[in-house]
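Asks: File follows, final.tsv with TSV, C-alpha atoms:
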```
chain	number	residue	atom	x	y	z
A	268	MET	CA	11.51	-19.52	-6.73
A	269	ILE	CA	8.18	-18.15	-7.74
A	270	ALA	CA	6.54	-19.86	-10.70
A	271	ALA	CA	5.59	-17.88	-13.75
A	272	GLY	CA	1.93	-18.68	-13.25
A	273	LEU	CA	1.12	-15.15	-12.19
A	274	ALA	CA	1.99	-14.00	-15.71
A	275	ALA	CA	-1.36	-15.43	-16.70
A	276	VAL	CA	-3.30	-13.48	-14.09
A	277	ILE	CA	-6.41	-12.20	-15.77
A	278	THR	CA	-7.34	-8.61	-15.02
A	279	GLY	CA	-9.88	-8.62	-12.23
A	280	LEU	CA	-9.77	-12.41	-11.87
A	281	GLN	CA	-12.32	-13.53	-9.33
A	282	LEU	CA	-11.11	-15.94	-6.70
A	283	LYS	CA	-14.28	-18.05	-6.84
A	284	PRO	CA	-17.62	-17.71	-8.64
A	285	GLU	CA	-19.66	-15.03	-6.93
A	286	PRO	CA	-22.71	-16.46	-5.14
A	287	PRO	CA	-25.92	-15.04	-6.62
A	288	GLY	CA	-27.25	-12.10	-4.63
A	289	ASN	CA	-24.08	-11.68	-2.57
A	290	ILE	CA	-23.58	-8.05	-3.50
A	291	TYR	CA	-22.32	-6.01	-0.56
A	292	TYR	CA	-21.50	-2.85	-2.52
A	293	GLN	CA	-21.40	-1.60	-6.11
A	294	ASP	CA	-19.56	1.31	-7.74
A	295	GLN	CA	-17.19	1.26	-4.78
A	296	ALA	CA	-13.99	-0.56	-3.85
A	297	ALA	CA	-12.40	-1.81	-0.65
A	298	VAL	CA	-8.62	-1.47	-0.43
A	299	LEU	CA	-6.99	-3.79	2.12
A	300	LEU	CA	-3.73	-2.84	3.82
A	301	TYR	CA	-1.01	-5.29	4.87
A	302	HIS	CA	2.63	-4.83	5.90
A	303	ASP	CA	4.86	-7.76	6.83
A	304	ILE	CA	4.15	-11.49	6.56
A	305	ARG	CA	5.99	-14.37	8.22
A	306	THR	CA	5.67	-18.13	8.27
A	307	GLU	CA	4.85	-17.64	11.93
A	308	VAL	CA	4.26	-14.38	13.78
A	309	PRO	CA	7.08	-13.95	16.34
A	310	PRO	CA	6.07	-14.13	20.03
A	311	GLY	CA	5.28	-10.71	21.46
A	312	ALA	CA	4.51	-9.24	18.03
A	313	ALA	CA	0.88	-8.46	18.87
A	314	GLY	CA	1.18	-4.90	17.63
A	315	SER	CA	3.69	-5.44	14.87
A	316	SER	CA	1.44	-5.16	11.78
A	317	THR	CA	2.62	-8.65	10.89
A	318	ILE	CA	0.49	-11.64	9.93
A	319	SER	CA	1.31	-15.26	9.25
A	320	THR	CA	1.25	-16.99	5.90
A	321	ALA	CA	-1.65	-19.09	7.19
A	322	GLN	CA	-3.63	-15.92	7.94
A	323	LEU	CA	-3.08	-14.52	4.46
A	324	ARG	CA	-4.18	-17.78	2.91
A	325	GLU	CA	-7.30	-17.80	5.10
A	326	HIS	CA	-8.06	-14.16	4.17
A	327	LEU	CA	-7.88	-14.94	0.46
A	328	LYS	CA	-10.05	-18.04	0.84
A	329	MET	CA	-12.65	-16.06	2.78
A	330	LEU	CA	-12.71	-13.31	0.15
A	331	GLY	CA	-13.24	-15.89	-2.59
A	332	ASP	CA	-15.85	-17.88	-0.68
A	333	ARG	CA	-17.89	-14.75	0.05
A	334	GLY	CA	-17.86	-13.48	-3.51
A	335	PHE	CA	-15.33	-10.65	-3.40
A	336	ARG	CA	-13.50	-9.78	-6.61
A	337	ILE	CA	-9.81	-8.89	-6.44
A	338	VAL	CA	-9.00	-6.25	-9.06
A	339	THR	CA	-5.68	-4.85	-10.23
A	340	MET	CA	-4.30	-1.48	-9.25
A	341	ASP	CA	-4.68	-0.25	-12.83
A	342	GLU	CA	-8.38	-1.18	-12.77
A	343	PHE	CA	-8.81	0.57	-9.45
A	344	ALA	CA	-7.02	3.72	-10.63
A	345	GLY	CA	-9.16	3.76	-13.78
A	346	PHE	CA	-12.25	3.57	-11.58
A	347	MET	CA	-11.12	6.32	-9.21
A	348	LEU	CA	-9.81	8.72	-11.86
A	349	GLN	CA	-11.97	8.04	-14.92
A	350	GLY	CA	-15.04	6.40	-13.41
A	351	LYS	CA	-14.42	3.10	-15.22
A	352	LYS	CA	-16.61	0.19	-14.18
A	353	LEU	CA	-15.58	-2.25	-11.45
A	354	PRO	CA	-17.30	-5.52	-10.52
A	355	ALA	CA	-19.46	-5.64	-7.43
A	356	ASN	CA	-17.55	-6.37	-4.21
A	357	ALA	CA	-14.28	-5.12	-5.72
A	358	VAL	CA	-11.18	-5.46	-3.52
A	359	VAL	CA	-7.62	-4.18	-3.99
A	360	LEU	CA	-4.75	-5.75	-2.04
A	361	THR	CA	-1.92	-3.45	-0.91
A	362	PHE	CA	1.21	-3.92	1.20
A	363	ASP	CA	3.32	-1.12	2.68
A	364	ASP	CA	7.06	-0.75	3.34
A	365	GLY	CA	8.52	-3.09	0.71
A	366	TYR	CA	9.60	-5.93	2.99
A	367	GLU	CA	11.31	-8.86	1.29
A	368	SER	CA	8.66	-11.11	2.82
A	369	PHE	CA	6.35	-9.91	0.05
A	370	TYR	CA	8.57	-11.81	-2.40
A	371	ARG	CA	9.36	-14.86	-0.30
A	372	GLU	CA	6.12	-15.38	1.64
A	373	ALA	CA	3.21	-13.40	0.19
A	374	ALA	CA	3.72	-13.78	-3.56
A	375	PRO	CA	3.56	-17.62	-3.64
A	376	ILE	CA	0.27	-17.52	-1.71
A	377	LEU	CA	-1.14	-14.82	-3.97
A	378	GLN	CA	-0.19	-17.05	-6.91
A	379	GLU	CA	-2.12	-19.96	-5.40
A	380	PHE	CA	-5.27	-17.83	-5.48
A	381	HIS	CA	-4.52	-16.19	-8.84
A	382	ALA	CA	-4.54	-12.84	-7.05
A	383	THR	CA	-2.48	-9.71	-7.61
A	384	ALA	CA	-1.31	-7.12	-5.08
A	385	SER	CA	0.70	-3.90	-4.95
A	386	ASN	CA	3.48	-2.88	-2.59
A	387	PHE	CA	4.33	0.70	-1.62
A	388	ILE	CA	8.09	0.71	-1.15
A	389	VAL	CA	10.58	3.04	0.54
A	390	GLY	CA	13.18	3.74	-2.14
A	391	ALA	CA	16.14	4.24	0.16
A	392	SER	CA	15.52	0.86	1.82
A	393	SER	CA	15.89	-0.89	-1.55
A	394	ASP	CA	18.80	1.26	-2.74
A	395	ILE	CA	20.89	1.15	0.44
A	396	PHE	CA	21.58	-2.01	2.44
A	397	HIS	CA	21.16	-1.66	6.21
A	398	PRO	CA	22.51	-4.78	7.99
A	399	GLU	CA	20.43	-4.14	11.12
A	400	ALA	CA	17.16	-3.49	9.27
A	401	GLU	CA	14.58	-6.06	8.26
A	402	PRO	CA	15.35	-7.16	4.67
A	403	HIS	CA	13.61	-5.16	1.96
A	404	LEU	CA	12.81	-5.99	-1.66
A	405	SER	CA	15.56	-5.63	-4.21
A	406	TRP	CA	14.83	-4.04	-7.57
A	407	GLU	CA	15.55	-7.40	-9.21
A	408	GLN	CA	12.88	-9.07	-7.06
A	409	MET	CA	10.42	-6.30	-7.87
A	410	ASN	CA	11.03	-6.69	-11.59
A	411	ARG	CA	10.36	-10.42	-11.35
A	412	LEU	CA	7.12	-9.86	-9.48
A	413	LYS	CA	6.02	-7.02	-11.73
A	414	ALA	CA	6.35	-9.37	-14.71
A	415	GLN	CA	4.02	-11.73	-12.83
A	416	GLY	CA	1.29	-9.15	-12.24
A	417	MET	CA	2.34	-7.32	-9.04
A	418	GLY	CA	2.64	-3.55	-8.70
A	419	PHE	CA	5.21	-1.35	-6.93
A	420	TYR	CA	4.66	2.28	-6.03
A	421	SER	CA	5.96	5.05	-3.76
A	422	HIS	CA	6.04	5.16	0.03
A	423	THR	CA	8.48	8.11	-0.38
A	424	TYR	CA	12.18	7.76	-1.07
A	425	ASN	CA	13.49	8.50	2.42
A	426	LEU	CA	10.69	10.09	4.46
A	427	HIS	CA	9.41	6.99	6.22
A	428	ARG	CA	10.94	8.12	9.49
A	429	MET	CA	10.41	10.48	12.40
A	430	LEU	CA	12.30	13.78	12.62
A	431	PRO	CA	12.61	16.42	15.38
A	432	SER	CA	10.21	19.34	15.02
A	433	GLY	CA	9.02	22.33	17.02
A	434	PRO	CA	10.65	24.09	19.96
A	435	SER	CA	10.89	20.87	21.97
A	436	GLY	CA	12.33	18.82	19.13
A	437	ALA	CA	9.56	16.24	19.49
A	438	LEU	CA	9.65	13.53	16.85
A	439	GLN	CA	7.02	13.81	14.11
A	440	PRO	CA	6.46	12.14	10.70
A	441	ALA	CA	9.07	13.47	8.28
A	442	LEU	CA	6.57	14.00	5.47
A	443	THR	CA	4.52	16.58	7.38
A	444	ALA	CA	6.89	17.89	10.07
A	445	ARG	CA	8.60	21.27	9.79
A	446	ILE	CA	11.92	19.81	10.83
A	447	LEU	CA	14.20	21.40	13.38
A	448	MET	CA	17.34	22.71	11.68
A	449	THR	CA	19.91	22.35	14.42
A	450	GLN	CA	22.55	24.65	12.94
A	451	ALA	CA	20.05	27.46	12.33
A	452	VAL	CA	18.23	26.65	15.62
A	453	ARG	CA	14.84	26.99	13.96
A	454	ASN	CA	12.32	24.96	12.02
A	455	GLU	CA	12.57	24.88	8.25
A	456	SER	CA	10.58	27.53	6.42
A	457	GLU	CA	7.42	26.74	4.46
A	458	ASP	CA	9.36	27.01	1.19
A	459	GLN	CA	12.10	24.71	2.48
A	460	HIS	CA	9.54	22.23	3.74
A	461	ARG	CA	7.73	22.12	0.42
A	462	LEU	CA	10.95	21.77	-1.54
A	463	ARG	CA	12.05	18.85	0.68
A	464	ILE	CA	8.70	17.08	0.13
A	465	TYR	CA	8.67	17.66	-3.62
A	466	SER	CA	12.31	16.62	-4.05
A	467	ASP	CA	11.81	13.34	-2.21
A	468	ILE	CA	8.58	12.40	-4.01
A	469	ALA	CA	9.88	13.41	-7.45
A	470	PHE	CA	13.16	11.54	-6.92
A	471	MET	CA	11.28	8.41	-5.85
A	472	GLU	CA	9.23	8.55	-9.05
A	473	LYS	CA	12.47	8.85	-11.02
A	474	ARG	CA	13.94	5.78	-9.29
A	475	LEU	CA	10.78	3.75	-9.91
A	476	ARG	CA	10.93	4.52	-13.61
A	477	GLN	CA	14.64	3.84	-13.83
A	478	GLU	CA	14.21	0.41	-12.27
A	479	LEU	CA	10.69	-0.68	-13.21
A	480	GLY	CA	9.74	1.32	-16.29
A	481	SER	CA	6.73	3.51	-16.96
A	482	GLN	CA	3.79	3.14	-14.60
A	483	ARG	CA	1.18	5.06	-12.64
A	484	ARG	CA	2.34	7.56	-10.05
A	485	LEU	CA	0.84	6.52	-6.70
A	486	LEU	CA	1.89	7.47	-3.18
A	487	ALA	CA	1.09	5.92	0.21
A	488	PHE	CA	1.70	8.27	3.14
A	489	PRO	CA	4.15	6.96	5.78
A	490	TYR	CA	2.27	6.67	9.08
A	491	GLY	CA	-0.78	7.94	7.20
A	492	ALA	CA	0.38	11.53	7.79
A	493	TYR	CA	-0.44	14.21	5.21
A	494	ASP	CA	-1.59	17.80	4.88
A	495	ASP	CA	-2.38	20.31	2.15
A	496	ALA	CA	1.31	20.93	1.45
A	497	VAL	CA	1.93	17.22	0.88
A	498	LEU	CA	-1.06	16.93	-1.47
A	499	GLU	CA	-0.01	20.02	-3.43
A	500	GLU	CA	3.65	19.06	-3.76
A	501	GLY	CA	2.74	15.46	-4.51
A	502	GLY	CA	0.42	16.70	-7.23
A	503	ARG	CA	3.21	18.85	-8.61
A	504	ALA	CA	5.36	15.70	-8.79
A	505	GLY	CA	2.62	13.99	-10.81
A	506	ILE	CA	1.05	11.78	-8.13
A	507	GLU	CA	-2.35	10.55	-9.33
A	508	LEU	CA	-3.70	8.87	-6.17
A	509	PHE	CA	-2.79	9.25	-2.49
A	510	PHE	CA	-3.25	6.23	-0.19
A	511	THR	CA	-4.12	6.87	3.46
A	512	ILE	CA	-4.74	4.68	6.50
A	513	GLU	CA	-8.22	6.14	7.00
A	514	GLU	CA	-10.66	3.26	6.79
A	515	GLY	CA	-13.71	2.98	4.55
A	516	LEU	CA	-14.91	2.12	1.05
A	517	ASN	CA	-13.79	4.18	-1.94
A	518	THR	CA	-16.01	5.96	-4.45
A	519	ALA	CA	-14.81	7.36	-7.78
A	520	GLY	CA	-13.97	11.05	-8.17
A	521	THR	CA	-11.46	11.58	-5.36
A	522	ARG	CA	-7.68	11.23	-5.32
A	523	ILE	CA	-7.62	10.31	-1.61
A	524	VAL	CA	-7.83	6.54	-1.10
A	525	LYS	CA	-9.09	4.91	2.08
A	526	ARG	CA	-7.65	1.56	3.15
A	527	ILE	CA	-8.95	-1.06	5.56
A	528	ASN	CA	-6.31	-2.51	7.88
A	529	ALA	CA	-6.20	-6.29	7.43
A	530	GLY	CA	-2.60	-6.89	8.45
A	531	GLU	CA	-2.64	-7.26	12.24
A	532	PRO	CA	-1.88	-10.50	14.12
A	533	TYR	CA	-5.38	-10.60	15.63
A	534	MET	CA	-7.08	-10.31	12.21
A	535	THR	CA	-8.40	-13.81	11.56
A	536	ALA	CA	-10.49	-14.43	8.46
A	537	ASP	CA	-13.65	-14.22	10.57
A	538	ALA	CA	-12.47	-10.99	12.17
A	539	LEU	CA	-11.71	-9.49	8.76
A	540	TRP	CA	-15.16	-10.46	7.48
A	541	GLU	CA	-16.83	-8.80	10.48
A	542	HIS	CA	-14.66	-5.71	10.05
A	543	LEU	CA	-15.57	-5.45	6.37
A	544	GLN	CA	-19.27	-5.74	7.17
A	545	SER	CA	-19.08	-2.65	9.36
A	546	PHE	CA	-18.33	-0.59	6.24
A	547	PHE	CA	-21.23	-2.12	4.30
A	548	ALA	CA	-23.54	-0.97	7.09
A	549	LYS	CA	-22.14	2.56	6.90
A	550	LYS	CA	-22.84	2.61	3.17
A	551	GLN	CA	-26.47	1.72	3.74
```
Let's see the structure in the file written out as structure tokens.

Replies:
Amino acid sequence: MIAAGLAAVITGLQLKPEPPGNIYYQDQAAVLLYHDIRTEVPPGAAGSSTISTAQLREHLKMLGDRGFRIVTMDEFAGFMLQGKKLPANAVVLTFDDGYESFYREAAPILQEFHATASNFIVGASSDIFHPEAEPHLSWEQMNRLKAQGMGFYSHTYNLHRMLPSGPSGALQPALTARILMTQAVRNESEDQHRLRIYSDIAFMEKRLRQELGSQRRLLAFPYGAYDDAVLEEGGRAGIELFFTIEEGLNTAGTRIVKRINAGEPYMTADALWEHLQSFFAKKQ
């Protein structure tokens, strides 16, 4: 279905020659965040973190026309962790949740623009079929796309959900919540909480290596939720970089990655350009 053209993606390939003087930032990188993509956004999906194929194509054209440089995840990680050089106006494309639309809808468009992207997947959603859930990537599809230049990393194995926590049993993100243990009628202890986090993250890294081979250990937080315990247990599991939903540009020397939300139905190419400019102003 997807041509093998992406196999020839050159590391850091620029979408279009960079106009002279169009340097918005240097020694920094913008990481864009997407989720789902459809041929058309369903009616009433205004808050669904879903964009159309036409929007993605327009985003990529705008980035190329304005002199942005799409770089690979390996290049970005080398910059963040070892201070390796990136081109001016560097951009990283990321998708969350591992929806099958990344294979069927996004990848062919990325190929058109000779661009590469990474997807943070939920392991359980690829391992276990849920007939009522939106289709997720299979390991076979991921292997095909990885061979064509795409990357796949952790969004936890099975902690992308809300669990009851506290005296009231209010739902909170599973990665950070001290979950309510109904049989014991109490929240889990700190040690139990940390062991649950570590076990999930470490198991997800094991599944990624079993299915996709050796690669960097990267984690995107479900719902953007994290705390010191998550960072410490993730570090113990070997995670190199942690991806948040806090917006801004990224500078080398930190393991916490900011991402700019580009994946909403209202985000036209012009709107994305204006949104990006707000971060250039903050830099200055």

Asks: Would you kindly identify which residues have an atom no farther than 10 Å from (5.1, -22.7, 11.1), using all atoms listed in the file and the file's own coordinates, and write them out as a PyMOL selection string?

Replies: chain A and resi 305-308+319-321

Asks: Between A:Leu299, A:Ile464, A:Leu438, A:Leu426, which has the minimum distance to Ala384 of chain A (counting all atoms listed in the file)?

Replies: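 Using all atoms listed in the file, the shortest distance to Ala384 of chain A belongs to A:Leu299.
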
Asks: Neighbours of Asn528 of chain A within 12 Å (only C-alpha atoms; same-chain residues fewer than 5 positions away dropped), as a PDB file with C-alpha atoms, in the coordinates of the input?

Replies:
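For reference, result.pdb as written:
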```
ATOM      1  CA  ALA A 297     -12.400  -1.810  -0.650  1.00  0.00           C
ATOM      2  CA  VAL A 298      -8.620  -1.470  -0.430  1.00  0.00           C
ATOM      3  CA  LEU A 299      -6.990  -3.790   2.120  1.00  0.00           C
ATOM      4  CA  LEU A 300      -3.730  -2.840   3.820  1.00  0.00           C
ATOM      5  CA  TYR A 301      -1.010  -5.290   4.870  1.00  0.00           C
ATOM      6  CA  HIS A 302       2.630  -4.830   5.900  1.00  0.00           C
ATOM      7  CA  SER A 316       1.440  -5.160  11.780  1.00  0.00           C
ATOM      8  CA  THR A 317       2.620  -8.650  10.890  1.00  0.00           C
ATOM      9  CA  ILE A 318       0.490 -11.640   9.930  1.00  0.00           C
ATOM     10  CA  LEU A 360      -4.750  -5.750  -2.040  1.00  0.00           C
ATOM     11  CA  THR A 361      -1.920  -3.450  -0.910  1.00  0.00           C
ATOM     12  CA  PHE A 362       1.210  -3.920   1.200  1.00  0.00           C
ATOM     13  CA  ASP A 363       3.320  -1.120   2.680  1.00  0.00           C
ATOM     14  CA  GLY A 491      -0.780   7.940   7.200  1.00  0.00           C
ATOM     15  CA  THR A 511      -4.120   6.870   3.460  1.00  0.00           C
ATOM     16  CA  ILE A 512      -4.740   4.680   6.500  1.00  0.00           C
ATOM     17  CA  GLU A 513      -8.220   6.140   7.000  1.00  0.00           C
ATOM     18  CA  GLU A 514     -10.660   3.260   6.790  1.00  0.00           C
ATOM     19  CA  GLY A 515     -13.710   2.980   4.550  1.00  0.00           C
ATOM     20  CA  LEU A 516     -14.910   2.120   1.050  1.00  0.00           C
ATOM     21  CA  TYR A 533      -5.380 -10.600  15.630  1.00  0.00           C
ATOM     22  CA  MET A 534      -7.080 -10.310  12.210  1.00  0.00           C
ATOM     23  CA  ALA A 538     -12.470 -10.990  12.170  1.00  0.00           C
ATOM     24  CA  LEU A 539     -11.710  -9.490   8.760  1.00  0.00           C
ATOM     25  CA  TRP A 540     -15.160 -10.460   7.480  1.00  0.00           C
ATOM     26  CA  HIS A 542     -14.660  -5.710  10.050  1.00  0.00           C
ATOM     27  CA  LEU A 543     -15.570  -5.450   6.370  1.00  0.00           C
TER      28      LEU A 543
END
```

Asks: Taking all atoms listed in the file into account, name the residue in A:Asp494, A:Asp303, A:Asp294, A:Glu500 that is nearest to Ala469 of chain A.

Replies: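 Nearest to Ala469 of chain A: A:Glu500.
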
Asks: Go through A:Ile523, A:Ala374, A:Ala344, A:Ala296 and flag the residue nearest Arg324 of chain A, using all atoms listed in the file for the distances.

Replies: A:Ala374

Asks: Please measure the separation of atom CA of Arg461 of chain A and atom CA of Arg522 of chain A, giving the value in Å to one decimal.

Replies: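 Computing it gives 19.7 Å between the two atoms.
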